[in-house]
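Reproduced below: query_13.tsv, with TSV, C-alpha atoms.
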```
chain	number	residue	atom	x	y	z
F	240	MET	CA	108.52	75.51	101.65
F	241	ARG	CA	109.50	74.39	105.14
F	242	VAL	CA	109.72	77.89	106.63
F	243	PRO	CA	106.19	79.08	105.71
F	244	LEU	CA	104.78	75.69	106.65
F	245	LEU	CA	106.51	75.88	110.02
F	246	ILE	CA	105.31	79.44	110.64
F	247	LEU	CA	101.72	78.56	109.73
F	248	GLY	CA	101.89	75.45	111.93
F	249	VAL	CA	103.14	77.48	114.90
F	250	ILE	CA	100.38	80.07	114.44
F	251	LEU	CA	97.70	77.39	114.28
F	252	PHE	CA	99.20	75.61	117.30
F	253	PHE	CA	99.08	78.72	119.48
F	254	VAL	CA	95.65	79.81	118.26
F	255	ILE	CA	93.97	76.43	118.67
F	256	LEU	CA	95.50	75.82	122.11
F	257	ALA	CA	94.79	79.35	123.37
F	258	PRO	CA	92.71	78.18	126.39
F	259	VAL	CA	95.59	75.92	127.44
F	260	LEU	CA	98.42	78.38	126.81
F	261	THR	CA	96.91	81.29	128.74
F	262	PRO	CA	94.64	81.23	131.80
F	263	LEU	CA	93.55	84.85	131.35
F	264	ASP	CA	90.22	86.09	130.01
F	265	PRO	CA	90.73	88.14	126.80
F	266	MET	CA	87.75	90.35	127.73
F	267	LYS	CA	88.62	90.97	131.38
F	268	THR	CA	89.71	94.53	132.06
F	269	ASN	CA	92.02	95.86	134.77
F	270	PRO	CA	92.45	99.66	134.57
F	271	THR	CA	95.28	99.56	137.11
F	272	LEU	CA	97.42	97.65	134.59
F	273	GLN	CA	96.78	99.72	131.48
F	274	PHE	CA	99.62	100.30	129.01
F	275	GLN	CA	102.02	97.97	130.80
F	276	PRO	CA	105.02	97.17	128.57
F	277	PRO	CA	105.97	93.55	127.78
F	278	SER	CA	107.21	91.76	130.89
F	279	GLY	CA	107.32	88.36	132.54
F	280	ASP	CA	103.71	88.74	133.73
F	281	ASN	CA	102.43	90.05	130.40
F	282	ILE	CA	104.50	88.73	127.49
F	283	LEU	CA	103.17	91.29	125.01
F	284	GLY	CA	102.11	93.93	127.53
F	285	THR	CA	98.62	95.23	128.20
F	286	ASP	CA	96.26	97.56	126.33
F	287	SER	CA	94.34	100.68	127.31
F	288	LEU	CA	91.95	98.68	129.49
F	289	GLY	CA	94.60	96.53	131.12
F	290	ARG	CA	93.79	93.45	129.06
F	291	ASP	CA	96.62	91.05	128.30
F	292	VAL	CA	97.66	91.53	124.65
F	293	TRP	CA	99.15	88.02	124.34
F	294	THR	CA	95.84	86.48	125.39
F	295	ARG	CA	93.88	88.70	123.02
F	296	VAL	CA	96.19	87.86	120.10
F	297	LEU	CA	95.65	84.14	120.66
F	298	TYR	CA	91.87	84.38	121.00
F	299	GLY	CA	91.73	86.99	118.26
F	300	GLY	CA	93.41	84.51	115.94
F	301	GLN	CA	90.57	82.08	116.54
F	302	SER	CA	87.90	84.52	115.37
F	303	THR	CA	90.00	85.91	112.50
F	304	LEU	CA	91.05	82.54	111.08
F	305	LEU	CA	87.59	81.03	111.59
F	306	MET	CA	86.09	83.94	109.70
F	307	ALA	CA	88.61	83.42	106.89
F	308	ILE	CA	87.79	79.70	106.67
F	309	PHE	CA	84.06	80.39	106.41
F	310	ALA	CA	84.70	83.08	103.79
F	311	LEU	CA	86.87	80.64	101.83
F	312	LEU	CA	84.11	78.03	101.76
F	313	ILE	CA	81.50	80.61	100.76
F	314	ALA	CA	83.73	81.74	97.88
F	315	ILE	CA	85.17	78.43	96.67
F	316	ILE	CA	82.10	76.17	96.60
F	317	PRO	CA	79.83	78.29	94.36
F	318	GLY	CA	82.76	79.87	92.53
F	319	VAL	CA	84.32	76.57	91.48
F	320	THR	CA	80.87	75.15	90.62
F	321	LEU	CA	80.09	78.07	88.32
F	322	GLY	CA	83.54	77.84	86.73
F	323	LEU	CA	83.15	74.13	86.04
F	324	LEU	CA	79.68	74.64	84.57
F	325	ALA	CA	80.99	77.40	82.32
F	326	GLY	CA	84.05	75.44	81.23
F	327	THR	CA	82.37	72.11	80.54
F	328	GLY	CA	78.76	73.04	79.78
F	329	GLN	CA	76.98	74.23	76.66
F	330	ARG	CA	78.25	77.31	74.86
F	331	TRP	CA	75.21	79.41	75.86
F	332	LEU	CA	75.80	78.56	79.52
F	333	ASP	CA	79.46	79.47	79.20
F	334	ARG	CA	78.57	82.83	77.69
F	335	MET	CA	75.96	83.57	80.35
F	336	ILE	CA	78.25	82.69	83.28
F	337	GLY	CA	81.17	84.48	81.62
F	338	ALA	CA	79.11	87.66	81.19
F	339	LEU	CA	77.88	87.49	84.80
F	340	THR	CA	81.40	86.93	86.09
F	341	SER	CA	82.81	89.80	84.04
F	342	ALA	CA	80.10	92.14	85.32
F	343	LEU	CA	80.82	91.22	88.94
F	344	LEU	CA	84.57	91.54	88.43
F	345	ALA	CA	84.02	95.14	87.31
F	346	VAL	CA	82.90	95.97	90.86
F	347	PRO	CA	85.74	96.17	93.44
F	348	SER	CA	85.48	93.29	95.87
F	349	LEU	CA	85.78	95.58	98.88
F	350	VAL	CA	82.75	97.54	97.66
F	351	VAL	CA	80.78	94.29	97.39
F	352	ALA	CA	81.78	93.38	100.95
F	353	LEU	CA	80.76	96.82	102.24
F	354	VAL	CA	77.34	96.55	100.58
F	355	VAL	CA	76.74	93.09	102.07
F	356	LEU	CA	77.80	94.27	105.52
F	357	THR	CA	75.44	97.23	105.21
F	358	LEU	CA	72.57	94.85	104.50
F	359	LEU	CA	73.43	92.18	107.08
F	360	GLY	CA	74.86	94.30	109.88
F	361	ARG	CA	77.98	93.78	111.96
F	362	GLY	CA	79.20	90.44	113.24
F	363	ILE	CA	81.67	87.67	112.45
F	364	LEU	CA	79.11	85.69	110.42
F	365	SER	CA	78.13	88.76	108.39
F	366	LEU	CA	81.80	89.53	107.84
F	367	SER	CA	82.45	85.98	106.60
F	368	ILE	CA	79.53	86.17	104.18
F	369	ALA	CA	80.57	89.61	102.92
F	370	VAL	CA	84.20	88.66	102.29
F	371	GLY	CA	83.24	85.29	100.80
F	372	LEU	CA	80.61	86.66	98.41
F	373	SER	CA	83.05	89.24	97.10
F	374	GLN	CA	85.36	86.42	95.95
F	375	ILE	CA	82.86	84.18	94.16
F	376	ALA	CA	83.32	85.89	90.79
F	377	PRO	CA	87.15	85.71	90.83
F	378	CYS	CA	86.98	82.02	91.82
F	379	ALA	CA	84.58	81.32	88.97
F	380	ALA	CA	86.82	83.16	86.50
F	381	VAL	CA	89.97	81.31	87.60
F	382	THR	CA	88.22	77.93	87.48
F	383	ARG	CA	86.70	78.63	84.05
F	384	ALA	CA	90.09	79.65	82.64
F	385	ALA	CA	91.76	76.55	84.12
F	386	VAL	CA	89.10	74.24	82.64
F	387	GLN	CA	89.34	75.86	79.22
F	388	GLY	CA	93.11	75.43	79.27
F	389	VAL	CA	92.76	71.69	79.89
F	390	ARG	CA	89.65	71.03	77.82
F	391	SER	CA	91.43	71.56	74.50
F	392	LEU	CA	94.15	68.98	75.21
F	393	THR	CA	94.34	65.96	72.91
F	394	TYR	CA	93.48	63.29	75.44
F	395	ILE	CA	90.32	65.18	76.48
F	396	GLU	CA	89.15	65.32	72.86
F	397	ALA	CA	90.03	61.65	72.52
F	398	GLY	CA	87.87	60.86	75.54
F	399	TYR	CA	84.90	62.60	73.95
F	400	GLY	CA	85.61	60.76	70.71
F	401	LEU	CA	85.52	57.40	72.52
F	402	GLY	CA	82.10	58.21	73.94
F	403	ALA	CA	83.04	59.21	77.50
F	404	THR	CA	80.40	61.30	79.25
F	405	ARG	CA	81.01	64.89	80.33
F	406	ARG	CA	80.79	63.84	83.96
F	407	ARG	CA	83.42	61.13	83.58
F	408	ILE	CA	85.81	63.41	81.74
F	409	LEU	CA	85.27	66.13	84.34
F	410	LEU	CA	85.87	63.86	87.34
F	411	ARG	CA	88.61	61.63	85.90
F	412	HIS	CA	90.59	64.01	83.73
F	413	ILE	CA	89.78	67.71	84.10
F	414	LEU	CA	89.52	68.05	87.89
F	415	PRO	CA	92.77	66.18	88.68
F	416	ASN	CA	94.64	68.39	86.21
F	417	ILE	CA	93.31	71.70	87.53
F	418	GLN	CA	93.54	70.67	91.19
F	419	PRO	CA	96.92	72.43	91.79
F	420	THR	CA	95.52	75.63	90.33
F	421	LEU	CA	92.42	75.45	92.51
F	422	MET	CA	94.43	74.68	95.64
F	423	ALA	CA	96.83	77.54	94.95
F	424	TYR	CA	93.99	79.97	94.40
F	425	ALA	CA	92.24	78.74	97.54
F	426	GLY	CA	95.34	79.81	99.46
F	427	VAL	CA	95.18	83.22	97.81
F	428	VAL	CA	91.50	83.58	98.75
F	429	PHE	CA	92.27	82.57	102.34
F	430	GLY	CA	95.00	85.19	102.58
F	431	TYR	CA	92.70	87.77	101.04
F	432	SER	CA	89.98	86.86	103.54
F	433	VAL	CA	92.33	87.35	106.48
F	434	LEU	CA	93.55	90.69	105.12
F	435	ASN	CA	90.19	92.16	104.10
F	436	GLY	CA	88.40	90.75	107.12
F	437	ALA	CA	90.95	92.47	109.34
F	438	ALA	CA	90.63	95.67	107.29
F	439	LEU	CA	86.85	95.72	107.64
F	440	SER	CA	87.12	94.99	111.37
F	441	PHE	CA	89.69	97.79	111.61
F	442	LEU	CA	87.06	100.13	110.12
F	443	GLY	CA	84.54	99.00	112.74
F	444	LEU	CA	82.46	96.82	110.41
F	445	GLY	CA	83.37	93.43	111.87
F	446	GLY	CA	82.61	92.12	115.34
F	447	GLU	CA	81.64	94.16	118.36
F	448	LEU	CA	84.24	96.58	119.64
F	449	GLY	CA	86.34	95.06	122.39
F	450	THR	CA	86.05	91.48	121.16
F	451	PRO	CA	89.38	89.74	120.51
F	452	ASP	CA	89.99	90.08	116.77
F	453	TRP	CA	93.19	90.99	114.96
F	454	GLY	CA	91.54	93.76	112.97
F	455	ILE	CA	89.84	95.27	116.01
F	456	MET	CA	93.11	95.06	117.93
F	457	LEU	CA	94.83	97.01	115.16
F	458	ALA	CA	92.22	99.75	115.50
F	459	GLU	CA	92.72	99.80	119.27
F	460	GLY	CA	96.49	99.91	118.85
F	461	ARG	CA	96.34	102.82	116.41
F	462	ALA	CA	94.82	105.09	119.05
F	463	ALA	CA	97.67	104.44	121.49
F	464	PHE	CA	100.53	103.68	119.11
F	465	ARG	CA	102.80	106.45	120.37
F	466	ILE	CA	102.67	105.39	124.02
F	467	ALA	CA	102.05	101.65	123.64
F	468	PRO	CA	103.10	100.43	120.16
F	469	TRP	CA	102.99	96.78	121.21
F	470	ILE	CA	99.17	96.83	121.16
F	471	GLY	CA	99.12	97.22	117.37
F	472	ILE	CA	102.41	95.56	116.49
F	473	ALA	CA	101.41	92.15	117.90
F	474	PRO	CA	98.25	91.61	115.79
F	475	GLY	CA	99.93	93.28	112.80
F	476	LEU	CA	102.78	90.76	112.89
F	477	ALA	CA	100.28	87.91	113.29
F	478	ILE	CA	98.36	89.02	110.20
F	479	THR	CA	101.54	89.53	108.19
F	480	ALA	CA	103.02	86.15	109.14
F	481	THR	CA	99.78	84.32	108.38
F	482	ILE	CA	99.25	85.90	104.97
F	483	TRP	CA	102.90	85.54	103.95
F	484	SER	CA	103.07	81.86	104.88
F	485	VAL	CA	99.75	81.01	103.19
F	486	ASN	CA	100.60	82.91	100.00
F	487	THR	CA	104.07	81.37	99.84
F	488	LEU	CA	102.60	77.87	100.19
F	489	ALA	CA	99.98	78.68	97.55
F	490	ASP	CA	102.70	79.90	95.18
F	491	HIS	CA	104.66	76.69	95.73
F	492	ILE	CA	101.60	74.54	95.04
F	493	GLY	CA	100.78	76.51	91.88
F	494	LYS	CA	104.26	75.84	90.45
F	495	ARG	CA	104.10	72.07	90.95
```

Whole structure, structure tokens version:
Amino acid sequence: MRVPLLILGVILFFVILAPVLTPLDPMKTNPTLQFQPPSGDNILGTDSLGRDVWTRVLYGGQSTLLMAIFALLIAIIPGVTLGLLAGTGQRWLDRMIGALTSALLAVPSLVVALVVLTLLGRGILSLSIAVGLSQIAPCAAVTRAAVQGVRSLTYIEAGYGLGATRRRILLRHILPNIQPTLMAYAGVVFGYSVLNGAALSFLGLGGELGTPDWGIMLAEGRAAFRIAPWIGIAPGLAITATIWSVNTLADHIGKR
């Protein structure tokens, strides 16, 4: 628990304080310094255009993590709402939402994201919307299953028998009991958003080429991996550490 929390805290610390920790411009090029290996002047070396990789990793973390946060909100808010409506509403509403969710789950989430990006075009906002929309159906399904698991408990039935309203039972009894499940799955969605957002950026469907972004940096590092592996290794390790720490924390919360 402490190790992933520490790693995530360090990542957030460096990413948030990027303007303080490095005076360099992540977009400024210097062809005379291209493919410089890690040194005292450039901690993680330079890329094909002479840009400082350390600076680009820090600023790239800002855009990548911000995109993941937006995607998480886009997925969780409507997904949890639909799941709660299905789990606590009338039977016809449950069947309708369940059928809609099952139909959407039959389509791979990456395909949904690609379709949305095709319609909206490239950009961080479009990428956030695409990744977030692709996770609404799984969020709704997880929430619905969690509500149904709690709804049949004795004290919930007793509450209905005593005349408690659906809203009161939902807010006072159901939500507190499914909160660990929702928090754990939110961590999973965040990790998924980081991974798939980086993958789509790697394919050239995210932000503009050259902008500091972990996925774009991976694509840039692939082209020069044999002569300058540090260009791709740095953002790859950042993505791996972020996803591992978030998923480990989510797993710990889910077991509480």

Next on the checklist: Report as a ChimeraX atom specification all protein, DNA and RNA residues lying within 7 Å of range 311-314 of chain F, evaluated on only C-alpha atoms, omitting residues in the same chain fewer than 6 positions from it.
Outcome noted: /F:368,371-372,374-375,378,428-429

Item to check | Residues near Val254 in chain F, cut-off 6 Å, all atoms listed in the file, skip fewer than 4 positions along chain, as a list in words | outcome: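 Skipping anything fewer than 4 positions along the chain leaves Leu297, Gly300 and Gln301 of chain F.
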
Item to check | CA of Pro243 in chain F to CA of Thr487 in chain F, straight-line distance in Å | outcome: 6.6 Å

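As for CA of Met422 in chain F and CA of Leu304 in chain F, they are spaced 17.7 Å apart.
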
Checklist entry - Skipping near chain neighbours, those fewer than 2 positions away, what residues fall within 7 Å of Asn486 in chain F using only C-alpha atoms, listed as number ranges by chain? => result F: 426-427, 430, 482-484, 488-490

Item to check | Selected residue, from F:Ile246, F:Thr294, F:Ile282, F:Gly493, that lies nearest to Leu263 in chain F when counting all atoms listed in the file | outcome: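 That would be F:Thr294, the residue with the smallest distance to Leu263 in chain F.
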
Item to check | Atom pair CA of Pro347 in chain F / CA of Val370 in chain F: separation (Å) | outcome: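 Separation between CA of Pro347 in chain F and CA of Val370 in chain F: 11.7 Å.
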
Item to check | Residue contacts of Pro262 in chain F (12 Å, only C-alpha atoms) excluding same-chain residues fewer than 6 positions away, as a PyMOL selection string | outcome: chain F and resi 256+280-281+291+293-295+297-298

Next on the checklist: For a cutoff of 9 Å around the file-coordinate point (93.3, 95.9, 115.8), which residues qualify once you count only C-alpha atoms? I'd like the result as a list in words.
Outcome noted: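 Looking at atoms near the point gives Ala437, Ala438, Ser440, Phe441, Pro451, Asp452, Trp453, Gly454, Ile455, Met456, Leu457, Ala458, Glu459, Gly460, Arg461, Ile470, Gly471, Pro474 and Gly475 of chain F.
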
Item to check | Protein/DNA/RNA residues near (104.8, 93.6, 127.9), cut 12 Å, all atoms listed in the file, as a VMD selection string | outcome: chain F and resid 272 to 286 289 to 294 467 to 470 472 to 473

Checklist entry - Pick from F:Val296, F:Leu439, F:Ile408, F:Leu343: nearest to Leu356 in chain F, with only C-alpha atoms counted? => result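 So, comparing all the options, the nearest one is F:Leu439.
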
Next on the checklist: Which residues are close to Gly360 in chain F, i.e. within 12 Å by all atoms listed in the file, leaving aside same-chain residues fewer than 4 positions away? Reply as a ChimeraX atom specification.
Outcome noted: /F:352-356,364-369,443-447

Could the residues in this selection be saved with C-alpha atoms as a PDB file, keeping the file's coordinate frame?
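Final file, result-v8.pdb:
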```
ATOM      1  CA  ALA F 352      81.780  93.380 100.950  1.00  0.00           C
ATOM      2  CA  LEU F 353      80.760  96.820 102.240  1.00  0.00           C
ATOM      3  CA  VAL F 354      77.340  96.550 100.580  1.00  0.00           C
ATOM      4  CA  VAL F 355      76.740  93.090 102.070  1.00  0.00           C
ATOM      5  CA  LEU F 356      77.800  94.270 105.520  1.00  0.00           C
ATOM      6  CA  LEU F 364      79.110  85.690 110.420  1.00  0.00           C
ATOM      7  CA  SER F 365      78.130  88.760 108.390  1.00  0.00           C
ATOM      8  CA  LEU F 366      81.800  89.530 107.840  1.00  0.00           C
ATOM      9  CA  SER F 367      82.450  85.980 106.600  1.00  0.00           C
ATOM     10  CA  ILE F 368      79.530  86.170 104.180  1.00  0.00           C
ATOM     11  CA  ALA F 369      80.570  89.610 102.920  1.00  0.00           C
ATOM     12  CA  GLY F 443      84.540  99.000 112.740  1.00  0.00           C
ATOM     13  CA  LEU F 444      82.460  96.820 110.410  1.00  0.00           C
ATOM     14  CA  GLY F 445      83.370  93.430 111.870  1.00  0.00           C
ATOM     15  CA  GLY F 446      82.610  92.120 115.340  1.00  0.00           C
ATOM     16  CA  GLU F 447      81.640  94.160 118.360  1.00  0.00           C
TER      17      GLU F 447
END
```

Checklist entry - With distances taken over all atoms listed in the file, which of F:Ala338, F:Ile255, F:Leu414, F:Ala310 is nearest to Val433 in chain F? => result F:Ala310

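Taking all atoms listed in the file into account, Leu288 in chain F lies nearest to F:Met266 out of the set F:Leu349, F:Ile492, F:Ile336, F:Met266.
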
Checklist entry - Taking all atoms listed in the file into account, which of F:Ala477, F:Leu448, F:Met306, F:Ile363 comes nearest Phe253 in chain F? => result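 Checking each candidate against Phe253 in chain F, we get F:Ala477 as the closest.
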
Item to check | Minimum-distance residue to Tyr424 in chain F, chosen among F:Val485, F:Ala342, F:Val386, F:Ala463 (using only C-alpha atoms) | outcome: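 Nearest candidate to Tyr424 in chain F out of F:Val485, F:Ala342, F:Val386, F:Ala463: F:Val485.
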